[in-house]
file work_35.cif (mmCIF, C-alpha atoms)
data_final
loop_
_atom_site.label_atom_id
_atom_site.label_comp_id
_atom_site.auth_asym_id
_atom_site.auth_seq_id
_atom_site.Cartn_x
_atom_site.Cartn_y
_atom_site.Cartn_z
CA MET J 1 -20.39 -29.49 -3.20
CA TYR J 2 -18.65 -31.74 -5.71
CA ILE J 3 -22.02 -32.99 -7.03
CA LEU J 4 -23.01 -29.40 -7.80
CA TYR J 5 -19.69 -28.60 -9.45
CA PRO J 6 -20.71 -29.43 -13.10
CA ILE J 7 -23.89 -27.35 -12.77
CA ILE J 8 -21.99 -24.39 -11.28
CA LYS J 9 -19.39 -24.76 -14.03
CA LEU J 10 -22.09 -24.35 -16.68
CA ILE J 11 -23.57 -21.33 -14.89
CA LYS J 12 -20.15 -19.75 -14.63
CA SER J 13 -19.40 -20.32 -18.32
CA TYR J 14 -22.25 -17.90 -19.02
CA ILE J 15 -21.65 -15.52 -16.14
CA LEU J 16 -17.94 -15.16 -16.86
CA LYS J 17 -18.73 -13.30 -20.04
CA ASN J 18 -19.02 -10.39 -17.60
CA LYS J 19 -15.43 -10.98 -16.37
CA ILE J 20 -16.08 -10.14 -12.71
CA SER J 21 -12.99 -9.49 -10.60
CA ILE J 22 -12.97 -9.17 -6.80
CA TRP J 23 -10.33 -7.40 -4.70
CA THR J 24 -10.53 -8.51 -1.08
CA GLY J 25 -8.59 -8.97 2.15
CA ALA J 26 -7.22 -6.36 4.55
CA PRO J 27 -9.04 -3.00 4.11
CA ILE J 28 -6.00 -1.21 2.72
CA ILE J 29 -6.95 2.03 0.98
CA ASN J 30 -5.45 0.90 -2.32
CA LEU J 31 -7.67 -2.16 -2.51
CA ALA J 32 -10.53 0.00 -3.76
CA ILE J 33 -8.30 2.15 -5.98
CA ASN J 34 -6.79 -0.91 -7.67
CA ALA J 35 -10.27 -2.25 -8.35
CA LYS J 36 -11.19 1.05 -10.00
CA ALA J 37 -8.00 0.97 -12.06
CA GLU J 38 -8.82 -2.54 -13.27
CA ARG J 39 -12.19 -1.24 -14.51
CA LEU J 40 -10.26 0.86 -17.01
CA LEU J 41 -9.46 -2.46 -18.74
CA GLY J 42 -13.15 -3.15 -19.26
CA ILE J 43 -13.37 -5.59 -16.36
CA GLN J 44 -16.22 -5.49 -13.84
CA SER J 45 -14.05 -5.08 -10.78
CA TYR J 46 -15.22 -4.61 -7.17
CA SER J 47 -13.61 -4.22 -3.75
CA LEU J 48 -15.00 -6.30 -0.88
CA VAL J 49 -13.89 -6.18 2.77
CA SER J 50 -15.36 -7.47 6.01
CA ASN J 51 -14.58 -4.31 8.00
CA VAL J 52 -12.72 -1.01 7.65
CA TYR J 53 -10.00 0.97 9.40
CA PHE J 54 -10.44 4.62 10.35
CA ILE J 55 -8.42 5.67 7.31
CA SER J 56 -11.00 4.97 4.61
CA GLU J 57 -14.43 3.44 4.05
CA LYS J 58 -14.39 3.82 0.26
CA PHE J 59 -14.90 0.18 -0.70
CA ASP J 60 -17.64 -1.17 -2.94
CA PHE J 61 -18.85 -3.67 -0.32
CA VAL J 62 -18.20 -3.56 3.44
CA LEU J 63 -19.81 -6.46 5.30
CA SER J 64 -19.78 -4.70 8.67
CA LYS J 65 -22.12 -2.05 7.22
CA PHE J 66 -24.81 -4.70 6.89
CA CYS J 67 -24.50 -5.83 10.50
CA LYS J 68 -22.42 -4.97 13.56
CA TYR J 69 -22.64 -8.40 15.20
CA LYS J 70 -19.36 -10.31 14.78
CA ILE J 71 -21.05 -13.70 14.52
CA ILE J 72 -23.25 -12.47 11.67
CA ILE J 73 -20.25 -10.91 9.90
CA PHE J 74 -18.46 -14.26 10.29
CA PHE J 75 -21.23 -16.03 8.34
CA LEU J 76 -21.43 -13.18 5.82
CA ARG J 77 -17.77 -13.72 5.04
CA TYR J 78 -18.44 -17.35 4.13
CA LEU J 79 -21.54 -16.41 2.14
CA SER J 80 -19.49 -13.79 0.27
CA CYS J 81 -16.81 -16.37 -0.50
CA PHE J 82 -19.36 -18.75 -2.03
CA LEU J 83 -20.86 -15.92 -4.08
CA ILE J 84 -17.38 -15.05 -5.31
CA CYS J 85 -16.93 -18.67 -6.37
CA ILE J 86 -20.11 -18.50 -8.45
CA PHE J 87 -19.76 -15.07 -10.01
CA ALA J 88 -16.05 -14.18 -10.20
CA SER J 89 -13.33 -15.15 -12.62
CA LYS J 90 -10.51 -13.39 -10.74
CA VAL J 91 -9.78 -12.82 -7.06
CA HIS J 92 -7.10 -10.46 -5.79
CA ALA J 93 -6.03 -10.81 -2.15
CA TYR J 94 -3.06 -10.28 0.13
CA VAL J 95 -0.50 -12.80 1.33
CA ASP J 96 -2.19 -12.95 4.73
CA GLY J 97 -5.64 -13.75 3.41
CA GLY J 98 -8.78 -12.97 1.46
CA ILE J 99 -12.38 -12.68 2.61
CA LEU J 100 -12.42 -15.69 4.98
CA PRO J 101 -11.06 -15.44 8.55
CA GLN J 102 -7.46 -16.47 9.09
CA LYS J 103 -6.95 -19.83 10.78
CA LYS J 104 -3.34 -18.98 11.58
CA PHE J 105 -1.79 -15.57 12.22
CA ARG J 106 -1.29 -13.65 8.95
CA SER J 107 -1.91 -16.79 6.88
CA PHE J 108 -4.35 -17.44 4.05
CA ASN J 109 -7.34 -19.63 4.93
CA ASP J 110 -6.64 -22.95 3.16
CA PHE J 111 -10.37 -23.62 2.66
CA GLU J 112 -10.68 -20.40 0.68
CA ILE J 113 -7.75 -21.42 -1.51
CA ARG J 114 -9.32 -24.82 -2.19
CA LEU J 115 -12.62 -23.22 -3.14
CA TYR J 116 -10.98 -20.91 -5.66
CA LYS J 117 -9.09 -23.80 -7.17
CA LEU J 118 -12.24 -25.96 -7.30
CA PHE J 119 -14.19 -23.25 -9.13
CA SER J 120 -11.36 -22.42 -11.55
CA ILE J 121 -10.84 -18.89 -10.26
CA ASP J 122 -7.56 -17.15 -11.00
CA LEU J 123 -6.07 -16.07 -7.66
CA PHE J 124 -3.69 -13.12 -7.67
CA ILE J 125 -1.71 -12.37 -4.52
CA TRP J 126 -0.45 -8.91 -3.55
CA THR J 127 1.63 -7.64 -0.65
CA PHE J 128 1.25 -4.68 1.69
CA GLY J 129 4.22 -5.12 4.04
CA ALA J 130 3.24 -6.62 7.37
CA ASP J 131 1.97 -9.73 5.58
CA VAL J 132 5.47 -10.65 4.33
CA ARG J 133 8.06 -9.10 6.64
CA THR J 134 9.78 -11.74 8.76
CA ARG J 135 12.17 -10.86 11.55
CA THR J 136 15.23 -12.82 10.40
CA LYS J 137 15.08 -11.54 6.84
CA THR J 138 14.39 -7.99 7.95
CA ILE J 139 17.37 -7.86 10.31
CA ASN J 140 19.58 -9.24 7.54
CA LEU J 141 18.64 -6.35 5.24
CA GLY J 142 20.97 -4.03 7.13
CA ARG J 143 21.65 -2.24 10.40
CA VAL J 144 18.62 0.02 9.95
CA ASN J 145 15.37 -1.79 9.25
CA CYS J 146 11.76 -2.37 10.33
CA CYS J 147 12.86 -4.28 13.41
CA THR J 148 15.29 -1.64 14.70
CA ASP J 149 12.83 -0.01 17.12
CA CYS J 150 9.91 -2.44 16.94
CA SER J 151 8.27 -3.36 20.25
CA GLN J 152 5.49 -5.35 18.56
CA ILE J 153 7.35 -8.59 17.77
CA GLY J 154 4.92 -11.24 16.62
CA LYS J 155 2.11 -8.69 16.33
CA ALA J 156 2.97 -5.91 13.89
CA CYS J 157 4.17 -8.21 11.09
CA VAL J 158 4.11 -11.92 10.35
CA CYS J 159 7.63 -12.03 11.93
CA ASN J 160 7.86 -15.84 12.17
CA ASP J 161 9.90 -17.27 9.28
CA ASP J 162 8.45 -20.78 9.43
CA LEU J 163 4.88 -19.50 9.57
CA PHE J 164 5.45 -17.21 6.61
CA ASN J 165 7.36 -19.76 4.51
CA THR J 166 4.66 -22.41 4.92
CA ASN J 167 1.93 -19.95 3.92
CA TYR J 168 3.95 -18.51 1.05
CA GLN J 169 4.76 -21.88 -0.52
CA ILE J 170 1.04 -22.74 -0.56
CA LEU J 171 0.30 -19.45 -2.30
CA LEU J 172 3.07 -19.95 -4.84
CA LYS J 173 1.55 -23.29 -5.74
CA ASN J 174 -2.08 -22.15 -5.91
CA SER J 175 -2.00 -18.60 -7.26
CA LYS J 176 -1.72 -17.32 -10.79
CA ALA J 177 0.90 -14.81 -9.69
CA ILE J 178 2.29 -13.03 -6.63
CA PHE J 179 3.07 -9.33 -6.89
CA ALA J 180 5.47 -7.41 -4.68
CA MET J 181 7.46 -4.17 -4.84
CA GLY J 182 10.15 -2.30 -2.97
CA ASP J 183 11.50 -4.02 0.14
CA MET J 184 8.55 -6.46 0.05
CA ALA J 185 10.18 -8.18 -2.92
CA GLU J 186 13.04 -9.21 -0.60
CA TYR J 187 10.69 -11.68 1.10
CA THR J 188 8.83 -13.08 -1.93
CA PRO J 189 10.98 -15.25 -4.25
CA GLY J 190 9.24 -15.87 -7.55
CA SER J 191 7.09 -12.73 -7.33
CA ILE J 192 6.50 -10.17 -10.07
CA ASN J 193 8.03 -6.91 -8.86
CA ASN J 194 7.47 -4.33 -11.59
CA LEU J 195 3.78 -3.40 -11.23
CA PHE J 196 4.19 -0.78 -8.47
CA PHE J 197 0.59 -1.23 -7.45
CA TRP J 198 -0.15 1.83 -5.30
CA PRO J 199 -1.79 4.18 -7.83
CA VAL J 200 -3.21 7.51 -6.71
CA ASN J 201 -6.74 8.37 -7.86
CA LEU J 202 -5.79 11.87 -8.96
CA TYR J 203 -8.92 13.02 -10.72
CA GLU J 204 -12.06 11.36 -9.26
CA ASN J 205 -12.38 14.13 -6.69
CA GLU J 206 -10.96 17.22 -8.37
CA ASN J 207 -10.20 18.95 -5.07
CA LEU J 208 -8.54 16.03 -3.30
CA TYR J 209 -5.13 16.13 -4.98
CA ILE J 210 -4.88 19.68 -6.28
CA PRO J 211 -1.17 20.55 -5.97
CA HIS J 212 -0.17 22.87 -3.13
CA TYR J 213 3.46 23.62 -3.90
CA PRO J 214 5.69 25.14 -1.21
CA LEU J 215 6.13 28.87 -1.62
CA LYS J 216 9.37 29.96 -3.24
CA LYS J 217 9.77 32.55 -0.50
CA SER J 218 8.12 32.53 2.91
CA LEU J 219 8.59 34.29 6.25
CA LYS J 220 6.78 31.49 8.08
CA PRO J 221 8.63 28.66 9.87
CA LEU J 222 9.54 25.62 7.77
CA ARG J 223 6.58 23.30 8.32
CA ILE J 224 7.34 19.57 8.41
CA VAL J 225 4.44 17.11 8.43
CA HIS J 226 4.79 13.46 9.42
CA ALA J 227 2.17 10.69 9.75
CA THR J 228 3.03 8.79 12.92
CA ASN J 229 0.90 5.66 12.43
CA HIS J 230 3.26 2.77 13.27
CA SER J 231 5.87 5.22 14.53
CA TRP J 232 8.22 2.42 15.63
CA PHE J 233 8.58 1.44 11.94
CA LYS J 234 9.03 4.96 10.69
CA GLY J 235 11.66 6.34 13.04
CA THR J 236 9.51 9.16 14.39
CA ARG J 237 11.75 9.61 17.43
CA TYR J 238 14.77 10.40 15.22
CA LEU J 239 12.81 13.11 13.45
CA GLU J 240 11.60 14.59 16.74
CA PHE J 241 15.15 14.58 18.13
CA ALA J 242 16.49 16.39 15.04
CA VAL J 243 13.72 18.99 15.09
CA ASP J 244 14.19 19.66 18.83
CA LYS J 245 17.90 20.18 18.32
CA LEU J 246 17.39 22.57 15.41
CA GLN J 247 14.74 24.52 17.30
CA ASN J 248 17.10 24.85 20.27
CA GLU J 249 19.67 26.27 17.85
CA GLY J 250 17.14 28.94 16.92
CA LEU J 251 16.06 27.67 13.51
CA ASP J 252 12.51 28.63 12.52
CA ILE J 253 11.02 25.18 12.08
CA ASP J 254 7.75 23.46 13.08
CA LEU J 255 6.80 19.78 13.23
CA VAL J 256 3.20 18.61 12.78
CA LEU J 257 2.35 14.99 13.60
CA VAL J 258 -0.70 13.32 12.05
CA GLU J 259 -2.26 10.16 13.47
CA GLY J 260 -5.62 8.43 13.87
CA ILE J 261 -7.68 10.53 11.46
CA PRO J 262 -9.43 9.66 8.17
CA ASN J 263 -7.46 9.99 4.95
CA GLU J 264 -9.26 13.07 3.64
CA LYS J 265 -8.71 14.99 6.89
CA ALA J 266 -5.07 13.94 6.85
CA LEU J 267 -4.73 15.28 3.31
CA GLU J 268 -5.95 18.67 4.53
CA ILE J 269 -2.97 18.81 6.88
CA TYR J 270 -0.51 17.50 4.29
CA ARG J 271 -1.48 20.42 2.03
CA THR J 272 -0.07 22.86 4.61
CA ALA J 273 3.40 21.28 4.61
CA ASP J 274 6.59 22.72 3.19
CA ILE J 275 8.16 19.30 3.40
CA ILE J 276 6.88 15.81 4.25
CA PHE J 277 8.78 13.24 6.32
CA ASP J 278 7.85 9.66 5.44
CA GLN J 279 10.19 7.29 7.32
CA CYS J 280 13.88 6.64 8.02
CA LEU J 281 13.95 2.94 9.02
CA ILE J 282 11.89 0.72 6.72
CA GLY J 283 13.97 1.33 3.61
CA PHE J 284 10.89 1.70 1.38
CA HIS J 285 8.20 4.34 1.24
CA GLY J 286 4.54 4.04 2.11
CA TYR J 287 1.44 5.16 0.24
CA PHE J 288 1.61 8.33 2.33
CA LEU J 289 4.67 9.40 0.33
CA LEU J 290 2.87 9.01 -3.01
CA GLU J 291 -0.11 11.04 -1.80
CA ALA J 292 2.21 13.77 -0.54
CA MET J 293 4.02 13.91 -3.88
CA ALA J 294 0.67 14.06 -5.68
CA LEU J 295 -0.05 17.19 -3.61
CA GLY J 296 3.18 18.72 -4.91
CA LYS J 297 5.19 18.23 -1.74
CA PRO J 298 8.90 17.44 -1.40
CA VAL J 299 9.24 14.21 0.59
CA MET J 300 12.06 12.88 2.75
CA SER J 301 12.32 9.09 3.00
CA TYR J 302 14.91 6.36 3.44
CA ILE J 303 15.07 4.22 0.30
CA ARG J 304 17.49 1.34 0.80
CA SER J 305 18.01 0.46 -2.87
CA PRO J 306 16.56 3.18 -5.11
CA LYS J 307 17.25 1.44 -8.43
CA LEU J 308 15.52 -1.74 -7.24
CA TYR J 309 12.79 -0.25 -5.08
CA LEU J 310 11.60 2.74 -7.12
CA LEU J 311 9.77 2.98 -10.43
CA ASN J 312 11.91 5.01 -12.85
CA SER J 313 14.27 5.87 -10.00
CA ASP J 314 16.27 8.34 -12.11
CA GLN J 315 13.13 10.51 -12.38
CA CYS J 316 12.04 10.19 -8.75
CA PRO J 317 12.67 13.38 -6.71
CA VAL J 318 12.40 11.72 -3.27
CA ILE J 319 14.93 13.22 -0.85
CA ASN J 320 16.74 10.08 0.29
CA ILE J 321 17.74 10.25 3.93
CA SER J 322 19.23 8.13 6.70
CA VAL J 323 18.85 8.30 10.47
CA SER J 324 22.12 10.21 10.67
CA SER J 325 21.33 12.71 7.89
CA ILE J 326 17.91 13.99 9.05
CA GLU J 327 19.33 16.90 11.02
CA GLN J 328 21.67 17.95 8.20
CA LYS J 329 18.90 17.82 5.57
CA LEU J 330 16.41 19.77 7.68
CA ARG J 331 19.01 22.42 8.53
CA TYR J 332 19.67 22.89 4.82
CA PHE J 333 16.00 23.12 3.83
CA ALA J 334 15.23 25.47 6.73
CA GLY J 335 18.04 27.69 5.43
CA PRO J 336 19.50 28.15 1.94
CA GLY J 337 17.76 25.07 0.52
CA ARG J 338 14.27 26.39 1.14
CA VAL J 339 14.15 28.02 -2.30
CA GLU J 340 14.53 24.54 -3.85
CA LEU J 341 11.37 23.09 -2.28
CA ASN J 342 8.98 24.59 -4.84
CA LEU J 343 10.85 22.97 -7.74
CA ILE J 344 11.11 19.61 -5.94
CA GLY J 345 7.37 19.77 -5.26
CA LYS J 346 6.61 20.34 -8.95
CA LYS J 347 8.87 17.43 -9.94
CA SER J 348 7.07 15.29 -7.35
CA ARG J 349 3.66 15.99 -8.87
CA LYS J 350 4.89 15.25 -12.40
CA TYR J 351 6.43 11.99 -11.23
CA ILE J 352 3.11 10.82 -9.79
CA GLU J 353 1.14 11.90 -12.86
CA LYS J 354 3.47 9.92 -15.11
CA ASN J 355 4.04 6.82 -12.99
CA PHE J 356 1.30 6.42 -10.37
CA SER J 357 -1.94 7.54 -11.99
CA MET J 358 -4.65 4.87 -12.22
CA GLU J 359 -4.16 4.89 -15.99
CA SER J 360 -0.44 4.13 -15.75
CA PHE J 361 -1.07 1.31 -13.28
CA ALA J 362 -3.84 -0.11 -15.49
CA LYS J 363 -1.37 -0.29 -18.39
CA ARG J 364 1.12 -2.20 -16.24
CA LEU J 365 -1.62 -4.52 -15.03
CA LYS J 366 -2.81 -5.18 -18.59
CA LYS J 367 0.71 -6.05 -19.71
CA SER J 368 1.08 -8.42 -16.77
CA TYR J 369 -2.23 -10.13 -17.64
CA ILE J 370 -1.04 -10.57 -21.21
CA ASP J 371 2.31 -11.95 -20.06
CA LEU J 372 0.49 -14.38 -17.76
CA ASP J 373 -1.95 -15.38 -20.55
CA VAL J 374 -4.91 -14.16 -18.49
CA THR J 375 -8.13 -13.36 -20.32
CA LEU J 376 -9.07 -9.69 -20.04
#
call {"tool": "encode", "arguments": {"input": "work_35.cif", "output": "structure tokens"}}
result
Amino acid sequence: MYILYPIIKLIKSYILKNKISIWTGAPIINLAINAKAERLLGIQSYSLVSNVYFISEKFDFVLSKFCKYKIIIFFLRYLSCFLICIFASKVHAYVDGGILPQKKFRSFNDFEIRLYKLFSIDLFIWTFGADVRTRTKTINLGRVNCCTDCSQIGKACVCNDDLFNTNYQILLKNSKAIFAMGDMAEYTPGSINNLFFWPVNLYENENLYIPHYPLKKSLKPLRIVHATNHSWFKGTRYLEFAVDKLQNEGLDIDLVLVEGIPNEKALEIYRTADIIFDQCLIGFHGYFLLEAMALGKPVMSYIRSPKLYLLNSDQCPVINISVSSIEQKLRYFAGPGRVELNLIGKKSRKYIEKNFSMESFAKRLKKSYIDLDVTL
């Protein structure tokens, strides 16, 4: 490999005129969207994953589509890594890994890191939550947190402090930058925390995010929609308890739970909501909240530190809640507060258009590249 290095370096000096950038790692829906946003900067950017979740298959390259046999996919991952080394100038991945299989739980493959360093590739590290949340730090954030109801210790998140710290220090040393946001920044000292890297692709499919604002007046029950994936993180049981109590009091209120369906089908259900419930434990919102706001929906969510965790927090119309305030908030919006939902929904859509469009994220990314002295 080292003998071939000078030859590959010469080949890359020509190829890199094309400025190829690869986004890889866990098949999070925003991986593909971020790659598309980076293309707005004139960079040839592609998303590459080994497999997909049920939520979305919209990635540029999915290795499991070429073959279903795990052993073949294993070798394809290594082949992909070597091709990245030859053709790419930038790689974007998550804290828990890129295209190569993890050797340790939620840890970046050290061989992949060495390859990127050997071939002079700028490595950018991003977070998605489970790859950085450790149990000790999470519990110390406050009485209500991700660990409050979690029954998946050592499985749902990295959890282990020593395991995470060892992995993170390696990434700090070998990456161009680490990006975090919201509560994830609590775990990542030295990270850049102002990119807010969950843009919504508002206009590629014109019908996908057309606003469906709550009616100003309606005789139908107040319809609450909640996505229950990872319900132990989100506090689903507290929402269900509050809704049951209000229904027993005679309030006209319905709860719709969404789980285990593709993103576009989920969006169909979100469009029918009068109000969306995100979570009441984590302390930071998920991508679900941003999609709901893009649809013109008022959203309830627990934000631990709004000024630190939210982009332009003074403009953000999120209805901040706690475990103890869910019942009170729902009672209000099922009653006299229902007339306010249409206006909150319109503010929600405007907030996303201004702050979380692909264009706005691309501008933040460009500024970060300039600050980091990265060639565009």
call {"tool": "resolve_selection", "arguments": {"input": "work_35.cif", "expression": "the PyMOL selection byres ((chain J and resi 352) around 10)", "output": "VMD selection string"}}
result
chain J and resid 199 to 200 202 290 to 296 316 347 to 351 353 to 357 360
call {"tool": "resolve_selection", "arguments": {"input": "work_35.cif", "expression": "the PyMOL selection byres ((chain J and resi 330) around 10)", "output": "list of chain:residue names"}}
result
J:Leu222, J:Ile224, J:Leu239, J:Ala242, J:Val243, J:Leu246, J:Leu251, J:Ile253, J:Ile275, J:Met300, J:Ser325, J:Ile326, J:Glu327, J:Gln328, J:Lys329, J:Arg331, J:Tyr332, J:Phe333, J:Ala334, J:Gly335, J:Gly337, J:Arg338
call {"tool": "resolve_selection", "arguments": {"input": "work_35.cif", "expression": "the PyMOL selection byres ((chain J and resi 270) around 12)", "output": "number ranges by chain"}}
result
J: 208-214, 223-227, 255-259, 263-269, 271-278, 288-299
call {"tool": "atom_distance", "arguments": {"input": "work_35.cif", "atom1": "atom CA of Leu40 of chain J", "atom2": "atom CA of Ser89 of chain J"}}
result
16.9 Å
call {"tool": "residues_around", "arguments": {"input": "work_35.cif", "residues": "Leu63 of chain J", "least_positions_apart": "6", "cutoff": "12 Å", "atoms": "all atoms listed in the file", "output": "list in words"}}
result
Thr24, Gly25, Pro27, Ser47, Leu48, Val49, Ser50, Asn51, Val52, Glu57, Tyr69, Lys70, Ile71, Ile72, Ile73, Phe74, Phe75, Leu76, Arg77, Tyr78, Leu79, Ser80, Cys81, Ile99 and Leu100 of chain J
call {"tool": "atom_distance", "arguments": {"input": "work_35.cif", "atom1": "atom CA of Gln247 of chain J", "atom2": "atom CA of Lys346 of chain J"}}
result
27.8 Å
call {"tool": "residues_around", "arguments": {"input": "work_35.cif", "residues": "Tyr168 of chain J", "least_positions_apart": "2", "cutoff": "10 Å", "atoms": "only C-alpha atoms", "output": "list of chain:residue names"}}
result
J:Val95, J:Asp96, J:Ser107, J:Phe108, J:Val132, J:Asp162, J:Leu163, J:Phe164, J:Asn165, J:Thr166, J:Ile170, J:Leu171, J:Leu172, J:Lys173, J:Asn174, J:Ile178, J:Tyr187, J:Thr188, J:Pro189
